[in-house]
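Report on the structure given below.
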Amino acid sequence: MAKTQFVYGLHAVKAMLAQHPKKIVQCYFMRSGNEQIKSLFDQAIAADIPVTQLSRQELEKKLGDNLVHQGAALECNAILEHNEKDIPVLISAVSQPLVLVLDQVQDPHNLGACLRSANAMGACCVLIPKDRSAGLTPVAQKVACGATVATSVIAVTNLSRTLKKLQDNGLWIVGLSANTDCSLSDIDLSGPIAIVMGSEGKGMRQLTEKHCDYLA
């Protein structure tokens, strides 16, 4: 049986119901919820998705303690739809592509915040390493507020090789680093750009930095 995962929080649940209802296996809503929860409940019923109403305690037991679920959760099939082979397609679909590359961001809260910002800025995709990186956990999706549904997130095997492919597809690579006096405002960001951000503690790896056209 295919592995499923939970998505929770009002914004994340709303985005999944609107854009990927066929990926939803089961909906869980808190009994005696507010108007927003009732609206999501009605959407799920209209889409013929199985729905279970639970008490707050039952929902917290199912999801785990200390999660801010806001009374709504979904059990879904795998959300990642794209792989490395799709990157050139996503880039070519827009006139001036913007790609966010995250080099081993560890905290799922930070990953979710980055995804939300990338979506707001119109990024065509976000690239993360498959290893030693926070993945699309329920926490990351909750913080992303539905951005994981609207913006493609692709896990890549070799980040340095991927950066070279981005360059081959016409993108300039701008790495955010403390090892430079250059500011982002000093760089022309109007064309095809990939912004690379490093991990919370160490920043970009040295090999990643070597593949950047600019540091800022």
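Identifiers in this document derive from the order of the structure tokens: chains are assigned A, B, ..., residues are numbered from 1 separately in each chain, and ligands are numbered from 1 in order of occurrence.
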
Spatial neighbours of Ala118 in chain A, max dist 8 Å, only C-alpha atoms, sep filter under 4 positions, as number ranges by chain | A: 100, 114, 122-123, 126, 151

Output as a ChimeraX atom specification all residues of range 1-92 of chain A that backbone DSSP marks as helix (DSSP H, G or I).
-> /A:10-19,21-23,35-46,56-63,84-92

Of the candidates A:Leu159, A:Val51, A:Val99, A:Val153, which shows the shortest atom-to-atom distance to Gln141 in chain A, using only C-alpha atoms?
->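 Once distances to Gln141 in chain A are computed over only C-alpha atoms, the minimum belongs to A:Val153.
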
With a distance cut-off of 8 Å and only C-alpha atoms, select the neighbouring residues of Leu59 in chain A, excluding the residue or stretch itself and same-chain residues fewer than 5 positions from it, and output the selection as a ChimeraX atom specification.
-> /A:28-30,54,71

Keeping C-alpha atoms for every residue in the selection just given, could you write it to a file as a PDB file, in the first residue's frame?
ATOM      1  CA  TYR A  28     -10.478  14.701   9.706  1.00  0.00           C
ATOM      2  CA  PHE A  29     -12.318  17.682  11.130  1.00  0.00           C
ATOM      3  CA  MET A  30     -12.850  18.717  14.712  1.00  0.00           C
ATOM      4  CA  LEU A  54     -13.336  13.932  15.917  1.00  0.00           C
ATOM      5  CA  GLY A  71      -9.248  21.618  13.756  1.00  0.00           C
TER       6      GLY A  71
END

When DSSP works through the backbone of this structure, what residues of range 39-185 of chain A end up as strand (DSSP E), shown as a VMD selection string?
-> chain A and resid 51 to 54 72 to 77 98 to 102 125 to 129 152 to 156 172 to 175

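Using only C-alpha atoms for every distance, the candidate list A:Val101, A:Ala140, A:Arg161, A:Ile154 yields A:Val101 as the residue closest to Val174 in chain A.
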
Any idea what's packed within 10 Å of Asn110 in chain A, counting only C-alpha atoms, ignoring anything in its chain fewer than 3 positions away? Could you give it as a list in words?
->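 Final neighbour list, sorted by chain and number: Val105, Gln106, Asp107, Ala113, Cys114, Leu115, Arg116, Ala134, Val139, Ala140, Val143, Ala144, Ser199 and Glu200 of chain A.
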
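As for CA of Ala155 in chain A and CA of Pro129 in chain A, they are spaced 5.3 Å apart.
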
Non-local contacts of His211 in chain A (9 Å; only C-alpha atoms; under 2 positions in same chain excluded) as a PyMOL selection string = chain A and resi 160+163-164+173+175+207-209+213

Quick one: write out the picked residues with N, CA, C and O atoms as a JSON list (two decimals), in the first residue's frame?
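The resulting file, selection_9.json, is shown below:
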[["chain", "number", "residue", "atom", "x", "y", "z"],
["A", 160, "SER", "N", 25.18, 20.08, -6.56],
["A", 160, "SER", "CA", 26.16, 20.74, -7.42],
["A", 160, "SER", "C", 25.86, 20.47, -8.89],
["A", 160, "SER", "O", 25.92, 21.37, -9.74],
["A", 163, "LEU", "N", 22.88, 22.54, -9.95],
["A", 163, "LEU", "CA", 23.21, 23.94, -10.20],
["A", 163, "LEU", "C", 23.84, 24.12, -11.58],
["A", 163, "LEU", "O", 23.56, 25.10, -12.28],
["A", 164, "LYS", "N", 24.68, 23.16, -11.97],
["A", 164, "LYS", "CA", 25.30, 23.22, -13.30],
["A", 164, "LYS", "C", 24.21, 23.11, -14.38],
["A", 164, "LYS", "O", 24.26, 23.82, -15.40],
["A", 173, "ILE", "N", 23.31, 31.92, -11.03],
["A", 173, "ILE", "CA", 23.21, 31.38, -9.67],
["A", 173, "ILE", "C", 23.74, 32.42, -8.68],
["A", 173, "ILE", "O", 24.90, 32.83, -8.75],
["A", 175, "GLY", "N", 24.34, 33.02, -4.73],
["A", 175, "GLY", "CA", 24.39, 32.39, -3.42],
["A", 175, "GLY", "C", 24.40, 33.42, -2.31],
["A", 175, "GLY", "O", 25.09, 34.44, -2.40],
["A", 207, "LEU", "N", 31.41, 23.46, -1.66],
["A", 207, "LEU", "CA", 31.24, 23.00, -3.03],
["A", 207, "LEU", "C", 30.06, 23.71, -3.70],
["A", 207, "LEU", "O", 30.12, 24.06, -4.88],
["A", 208, "THR", "N", 28.99, 23.94, -2.94],
["A", 208, "THR", "CA", 27.84, 24.67, -3.47],
["A", 208, "THR", "C", 28.24, 26.09, -3.82],
["A", 208, "THR", "O", 27.89, 26.62, -4.90],
["A", 209, "GLU", "N", 29.00, 26.73, -2.93],
["A", 209, "GLU", "CA", 29.43, 28.12, -3.16],
["A", 209, "GLU", "C", 30.26, 28.25, -4.42],
["A", 209, "GLU", "O", 30.16, 29.24, -5.16],
["A", 213, "ASP", "N", 27.48, 31.92, -9.48],
["A", 213, "ASP", "CA", 28.03, 32.98, -10.32],
["A", 213, "ASP", "C", 28.29, 34.24, -9.50],
["A", 213, "ASP", "O", 29.23, 35.00, -9.78]]

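Of the residues listed (A:Ser152, A:Gly191, A:Cys27, A:Gly135), A:Ser152 shows the shortest atom-to-atom separation from Val89 in chain A; distances use only C-alpha atoms.
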
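Among the candidates A:Ile128, A:Leu136, A:Ala194, A:Ala15, the residue lying nearest to Leu215 in chain A is A:Ala194 (atoms considered: only C-alpha atoms).
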
Contact residues around Asp186 in chain A with only C-alpha atoms at 12 Å, ignoring same-chain residues under 3 positions, as JSON, numbers by chain | {"A": [174, 180, 181, 182, 183, 189, 190, 214, 215, 216]}

Write the selection just made, keeping all heavy atoms, as a PDB file, in the first residue's frame?
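This is the output file selection34.pdb:
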ATOM      1  N   VAL A 174      22.873  32.840  -7.760  1.00  0.00           N
ATOM      2  CA  VAL A 174      23.239  33.831  -6.738  1.00  0.00           C
ATOM      3  C   VAL A 174      23.175  33.157  -5.377  1.00  0.00           C
ATOM      4  O   VAL A 174      22.106  32.753  -4.916  1.00  0.00           O
ATOM      5  CB  VAL A 174      22.296  35.049  -6.772  1.00  0.00           C
ATOM      6  CG1 VAL A 174      22.713  36.064  -5.702  1.00  0.00           C
ATOM      7  CG2 VAL A 174      22.284  35.696  -8.145  1.00  0.00           C
ATOM      8  N   THR A 180      31.223  37.715   1.592  1.00  0.00           N
ATOM      9  CA  THR A 180      31.287  38.745   0.553  1.00  0.00           C
ATOM     10  C   THR A 180      30.751  40.056   1.098  1.00  0.00           C
ATOM     11  O   THR A 180      29.930  40.071   2.022  1.00  0.00           O
ATOM     12  CB  THR A 180      30.465  38.319  -0.687  1.00  0.00           C
ATOM     13  OG1 THR A 180      30.508  39.368  -1.656  1.00  0.00           O
ATOM     14  CG2 THR A 180      29.020  38.043  -0.310  1.00  0.00           C
ATOM     15  N   ASP A 181      31.204  41.154   0.501  1.00  0.00           N
ATOM     16  CA  ASP A 181      30.684  42.475   0.857  1.00  0.00           C
ATOM     17  C   ASP A 181      29.595  42.915  -0.115  1.00  0.00           C
ATOM     18  O   ASP A 181      29.010  43.982   0.040  1.00  0.00           O
ATOM     19  CB  ASP A 181      31.811  43.509   0.848  1.00  0.00           C
ATOM     20  CG  ASP A 181      32.833  43.255   1.954  1.00  0.00           C
ATOM     21  OD1 ASP A 181      32.422  42.762   3.029  1.00  0.00           O
ATOM     22  OD2 ASP A 181      34.026  43.522   1.736  1.00  0.00           O
ATOM     23  N   CYS A 182      29.335  42.111  -1.126  1.00  0.00           N
ATOM     24  CA  CYS A 182      28.334  42.451  -2.143  1.00  0.00           C
ATOM     25  C   CYS A 182      26.924  42.286  -1.581  1.00  0.00           C
ATOM     26  O   CYS A 182      26.630  41.333  -0.867  1.00  0.00           O
ATOM     27  CB  CYS A 182      28.528  41.546  -3.364  1.00  0.00           C
ATOM     28  SG  CYS A 182      27.365  41.851  -4.708  1.00  0.00           S
ATOM     29  N   SER A 183      26.070  43.232  -1.911  1.00  0.00           N
ATOM     30  CA  SER A 183      24.678  43.159  -1.487  1.00  0.00           C
ATOM     31  C   SER A 183      23.803  42.677  -2.640  1.00  0.00           C
ATOM     32  O   SER A 183      24.164  42.826  -3.818  1.00  0.00           O
ATOM     33  CB  SER A 183      24.206  44.548  -1.038  1.00  0.00           C
ATOM     34  OG  SER A 183      22.804  44.566  -0.854  1.00  0.00           O
ATOM     35  N   LEU A 189      18.902  41.321 -10.783  1.00  0.00           N
ATOM     36  CA  LEU A 189      18.092  40.127 -10.546  1.00  0.00           C
ATOM     37  C   LEU A 189      16.889  40.044 -11.480  1.00  0.00           C
ATOM     38  O   LEU A 189      15.954  39.290 -11.230  1.00  0.00           O
ATOM     39  CB  LEU A 189      17.605  40.108  -9.087  1.00  0.00           C
ATOM     40  CG  LEU A 189      18.688  40.116  -8.012  1.00  0.00           C
ATOM     41  CD1 LEU A 189      18.063  40.252  -6.629  1.00  0.00           C
ATOM     42  CD2 LEU A 189      19.532  38.847  -8.085  1.00  0.00           C
ATOM     43  N   SER A 190      16.930  40.792 -12.568  1.00  0.00           N
ATOM     44  CA  SER A 190      15.752  40.877 -13.440  1.00  0.00           C
ATOM     45  C   SER A 190      15.638  39.704 -14.406  1.00  0.00           C
ATOM     46  O   SER A 190      14.583  39.485 -14.993  1.00  0.00           O
ATOM     47  CB  SER A 190      15.785  42.189 -14.231  1.00  0.00           C
ATOM     48  OG  SER A 190      16.956  42.255 -15.041  1.00  0.00           O
ATOM     49  N   TYR A 214      27.457  34.475  -8.494  1.00  0.00           N
ATOM     50  CA  TYR A 214      27.603  35.641  -7.626  1.00  0.00           C
ATOM     51  C   TYR A 214      27.373  35.198  -6.178  1.00  0.00           C
ATOM     52  O   TYR A 214      26.625  34.260  -5.908  1.00  0.00           O
ATOM     53  CB  TYR A 214      26.562  36.730  -7.941  1.00  0.00           C
ATOM     54  CG  TYR A 214      26.593  37.252  -9.362  1.00  0.00           C
ATOM     55  CD1 TYR A 214      25.679  36.771 -10.305  1.00  0.00           C
ATOM     56  CD2 TYR A 214      27.509  38.229  -9.755  1.00  0.00           C
ATOM     57  CE1 TYR A 214      25.692  37.257 -11.601  1.00  0.00           C
ATOM     58  CE2 TYR A 214      27.526  38.709 -11.041  1.00  0.00           C
ATOM     59  CZ  TYR A 214      26.621  38.218 -11.965  1.00  0.00           C
ATOM     60  OH  TYR A 214      26.635  38.692 -13.264  1.00  0.00           O
ATOM     61  N   LEU A 215      28.004  35.905  -5.255  1.00  0.00           N
ATOM     62  CA  LEU A 215      27.732  35.768  -3.831  1.00  0.00           C
ATOM     63  C   LEU A 215      27.233  37.115  -3.333  1.00  0.00           C
ATOM     64  O   LEU A 215      27.748  38.157  -3.709  1.00  0.00           O
ATOM     65  CB  LEU A 215      28.981  35.338  -3.053  1.00  0.00           C
ATOM     66  CG  LEU A 215      29.566  33.962  -3.383  1.00  0.00           C
ATOM     67  CD1 LEU A 215      30.817  33.713  -2.556  1.00  0.00           C
ATOM     68  CD2 LEU A 215      28.543  32.866  -3.158  1.00  0.00           C
ATOM     69  N   ALA A 216      26.255  37.086  -2.484  1.00  0.00           N
ATOM     70  CA  ALA A 216      25.684  38.354  -1.962  1.00  0.00           C
ATOM     71  C   ALA A 216      25.257  38.150  -0.519  1.00  0.00           C
ATOM     72  O   ALA A 216      25.033  37.016  -0.079  1.00  0.00           O
ATOM     73  CB  ALA A 216      24.508  38.801  -2.810  1.00  0.00           C
TER      74      ALA A 216
END

Determine the nearest neighbour of Cys76 in chain A from the options A:Lys3, A:Lys62, A:Lys38, A:Arg31, counting only C-alpha atoms.
-> A:Lys3

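The interatomic distance for the pair CA of Gln167 in chain A and CA of Lys130 in chain A works out to 20.5 Å.
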
For Glu75 in chain A, work out the shell of residues within 9 Å, counting only C-alpha atoms and skipping chain neighbours fewer than 4 positions away, then give it as a list of chain:residue names.
->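 Counting only C-alpha atoms, the residues come to A:Thr4, A:Gln5, A:Phe6, A:Val7, A:Tyr8, A:Lys23, A:Ile24, A:Val25, A:Gln26, A:Cys27, A:Tyr28.
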